[in-house]
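Peer 1: Before I ask anything, here is the structure I am working with.
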Amino acid sequence: PAANLTFEDLIPRREAAPSAPVQAAPEPSAVVPSPIGGGYDPDDGGPGVPQSYGRALLNAGNQGLITGTGAAIAGAGQAYQTGQLQTARRHMAAMNAIDSGDIRGAMAGLTPIERGQMSAYLRAPPDERTAMRSREQATFADLDKRTPNAAMRTGESINKYGTETFPVARENEGIGTKVASTIGGVVPLVGAGVAGAVVGGPAGAVAATLPVIGAQSFHSTRQEALQAGAPPQAADQAAGISALTQMGIMATPVGRVVRAFPELGAPLTQALIELGKRGAEFGTFSAMSKFADNFVARHQYDPKRDLMDGVAEAAAIGAGAGAVMGVPSVVRGARQPRGGGFTPEDNGPLGLPSPEPPADGGGTSGGPAVDG
């Protein structure tokens with residue numbers, strides 16, 4: 001009824017516009033996983049776009065280059081730290097032997113410098129001996145903490161950068177990306193070899209390359225041993241054996257046997273045969289390397305390791321990488337025919353100068369001899 005109206009009811013009012021519906025917060029996308037091995041590369045078309053295989057190959061090569069460098073640096077730091085620990089252990093054992101009266105046993109296995117140090121300990125009065133032993137024990141205790149040194153920290157930072165910046169999608173992982181990663185990992189070896197060759201020729205190239213191979217192997221074996229539950233000292237021992245073994249394998253003259261295969265057919269056929277030789281050479285090195293890794297693991301920290309585990313795959317990956325890395329040398333050899341035939345440049349499995357002298361007594365193995 002009108003009697004119930006108030007003054008406010010007589011004032012005309014504008015109807016309020018309907019409010020927009022409140023949208024719920026979007027659900028977290030399950031399409032965009034972490035870029036680290038998650039299947040997508042943020043630089044390859046944006047979030048949610050599958051990583052292309054070409055991008056995966058490029059990332060694998062870059063990752064191999066960067067992590068190969070980081071592994072060499074970190075491995076060198078680990079080997080140095082292990083060497084310091086072993087030296088401290090020898091000193092402590094020698095001091096114990098001297099204190100027990102076994103002078104000959106104390107000096108066994110020491111370097112000339114260490115023998116001089118232990119001779120000083122032998123001649124020292126009791127109070128000075130106590131001080132020397134205390135210093136050695138403090139040094140050993142500090143080293144046994146295994147605090148990462150500068151080289152180890154730098155190498156691991158480089159490894160982290162490589163894996164995070166250049167991820168490879170899981171669905172793209174396979175022989176192709178592993179070949180690309182292997183080629184990238186060879187670059188630090190080639191760089192060291194070239195630097196060594198500038199200073200000391202072919203012998204300098206080999207001398208500069210082998211320590212890099214040893215450092216990379218030391219790092220990878222030590223990490224694997226620790227992940228398998230091996231004590232740090234056992235991991236150090238396995239890493240040292242593996243490093244020496246891998247350096248020995250790379251010094252094996254496999255190439256002389258492989259390259260003895262005769263040249264057959266037209267230049268194109270010869271070029272394909274040469275690529276096959278390169279692949280066979282690098283594949284043989286890779287298979288030998290993997291077998292050696294398995295052997296060390298089986299006898300040091302993984303007694304159930306099958307000696308042939310991964311050997312065939314390593315051979316296939318090495319063969320592919322060797323053939324690809326041999327293309328530039330084969331192309332240059334094809335452009336420099338000698339006597340109408342095909343003369344590939346013989347630069348070894350890593351593309352380094354061959355340590356063997358040229359057959360004709362002058363020049364280089366891929367070009368004409370230079371008359372004096």
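Here, A, B, ... name the chains of the structure tokens in the order displayed, residue numbers run from 1 inside each chain, and ligands are numbered from 1 in the same displayed order.
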Residues within 10 Å of Ala56 in chain A, please, as a VMD selection string. Count only C-alpha atoms; anything in the same chain fewer than 2 positions from it doesn't count.

Peer 2: chain A and resid 39 to 41 44 51 to 54 58 to 62 166 to 173 176 to 177 180

Peer 1: Pick out the residues sitting within 8 Å of range 244-253 of chain A, and hand them over as an MDAnalysis selection string; count only C-alpha atoms, and ignore anything fewer than 3 positions along from it in its own chain.

Peer 2: chainID A and resid 206 210:211 213:214 217 240:241 256:257 285 288:289 292

Peer 1: Restricting the calculation to only C-alpha atoms: of A:Ala207, A:Ala312, A:Met92, A:Leu272, which residue gets closest to Gly193 in chain A?

Peer 2: A:Ala207

Peer 1: Let me make sure I understand: among A:Ala215, A:Leu307, A:Ala203, A:Ala235, which one has the smallest atom-to-atom distance to Lys290 in chain A if we use only C-alpha atoms?

Peer 2: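 The answer is A:Leu307, which sits nearest to Lys290 in chain A.
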
Peer 1: For Gly64 in chain A, which of A:Pro125, A:Gly191, A:Gly185, A:Pro50 is the closest residue, counting only C-alpha atoms?

Peer 2: A:Gly185

Peer 1: Applying 10 Å and only C-alpha atoms, which residues near Ile98 in chain A remain after dropping the ones on its own chain fewer than 3 positions away? List them as a list in words.

Peer 2: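 With the cut-off at 10 Å, the set is Met92, Ala93, Ala94, Met95, Gly101, Asp102, Ile103, Arg104, Gly105, Ala106, Met107, Met118, Ser119, Tyr121 and Leu122 of chain A.
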
Peer 1: Could you dump the residues just selected with N, CA, C and O atoms as a short mmCIF file (atom, residue, chain, number, x, y, z; two decimals), in the first residue's frame?

Peer 2:
```
data_model
loop_
_atom_site.label_atom_id
_atom_site.label_comp_id
_atom_site.auth_asym_id
_atom_site.auth_seq_id
_atom_site.Cartn_x
_atom_site.Cartn_y
_atom_site.Cartn_z
N MET A 92 101.29 -39.83 7.44
CA MET A 92 100.86 -40.36 8.73
C MET A 92 101.35 -41.79 8.92
O MET A 92 101.81 -42.16 10.00
N ALA A 93 101.26 -42.61 7.85
CA ALA A 93 101.73 -43.99 7.95
C ALA A 93 103.23 -44.04 8.19
O ALA A 93 103.73 -44.87 8.98
N ALA A 94 103.99 -43.15 7.54
CA ALA A 94 105.44 -43.13 7.73
C ALA A 94 105.79 -42.71 9.16
O ALA A 94 106.71 -43.28 9.78
N MET A 95 105.07 -41.73 9.69
CA MET A 95 105.32 -41.31 11.07
C MET A 95 105.03 -42.44 12.05
O MET A 95 105.78 -42.66 13.02
N GLY A 101 109.67 -47.87 15.21
CA GLY A 101 111.01 -48.36 14.97
C GLY A 101 111.25 -48.98 13.61
O GLY A 101 112.37 -49.42 13.32
N ASP A 102 110.25 -48.99 12.72
CA ASP A 102 110.41 -49.59 11.39
C ASP A 102 110.84 -48.50 10.41
O ASP A 102 110.03 -47.97 9.65
N ILE A 103 112.11 -48.17 10.45
CA ILE A 103 112.61 -47.06 9.63
C ILE A 103 112.54 -47.42 8.15
O ILE A 103 112.12 -46.60 7.32
N ARG A 104 112.96 -48.64 7.79
CA ARG A 104 112.95 -49.04 6.38
C ARG A 104 111.52 -49.04 5.84
O ARG A 104 111.27 -48.56 4.72
N GLY A 105 110.58 -49.56 6.59
CA GLY A 105 109.19 -49.56 6.15
C GLY A 105 108.62 -48.16 6.04
O GLY A 105 107.78 -47.88 5.18
N ALA A 106 109.10 -47.24 6.89
CA ALA A 106 108.61 -45.86 6.84
C ALA A 106 109.00 -45.18 5.54
O ALA A 106 108.24 -44.35 5.01
N MET A 107 110.18 -45.50 5.01
CA MET A 107 110.66 -44.81 3.81
C MET A 107 110.17 -45.46 2.52
O MET A 107 110.34 -44.88 1.44
N MET A 118 110.56 -37.02 6.23
CA MET A 118 110.49 -38.05 7.27
C MET A 118 111.84 -38.22 7.98
O MET A 118 111.89 -38.57 9.16
N SER A 119 112.94 -37.95 7.28
CA SER A 119 114.25 -37.97 7.93
C SER A 119 114.34 -36.87 8.98
O SER A 119 114.90 -37.07 10.08
N TYR A 121 111.77 -35.73 10.58
CA TYR A 121 110.92 -36.21 11.68
C TYR A 121 111.68 -37.23 12.53
O TYR A 121 111.57 -37.23 13.77
N LEU A 122 112.47 -38.09 11.89
CA LEU A 122 113.22 -39.11 12.60
C LEU A 122 114.26 -38.48 13.53
O LEU A 122 114.48 -38.96 14.66
#
```

Peer 1: Could you tell me how far CA of Gln86 in chain A sits from CA of Gln233 in chain A, in Å to one decimal place?

Peer 2: 9.6 Å
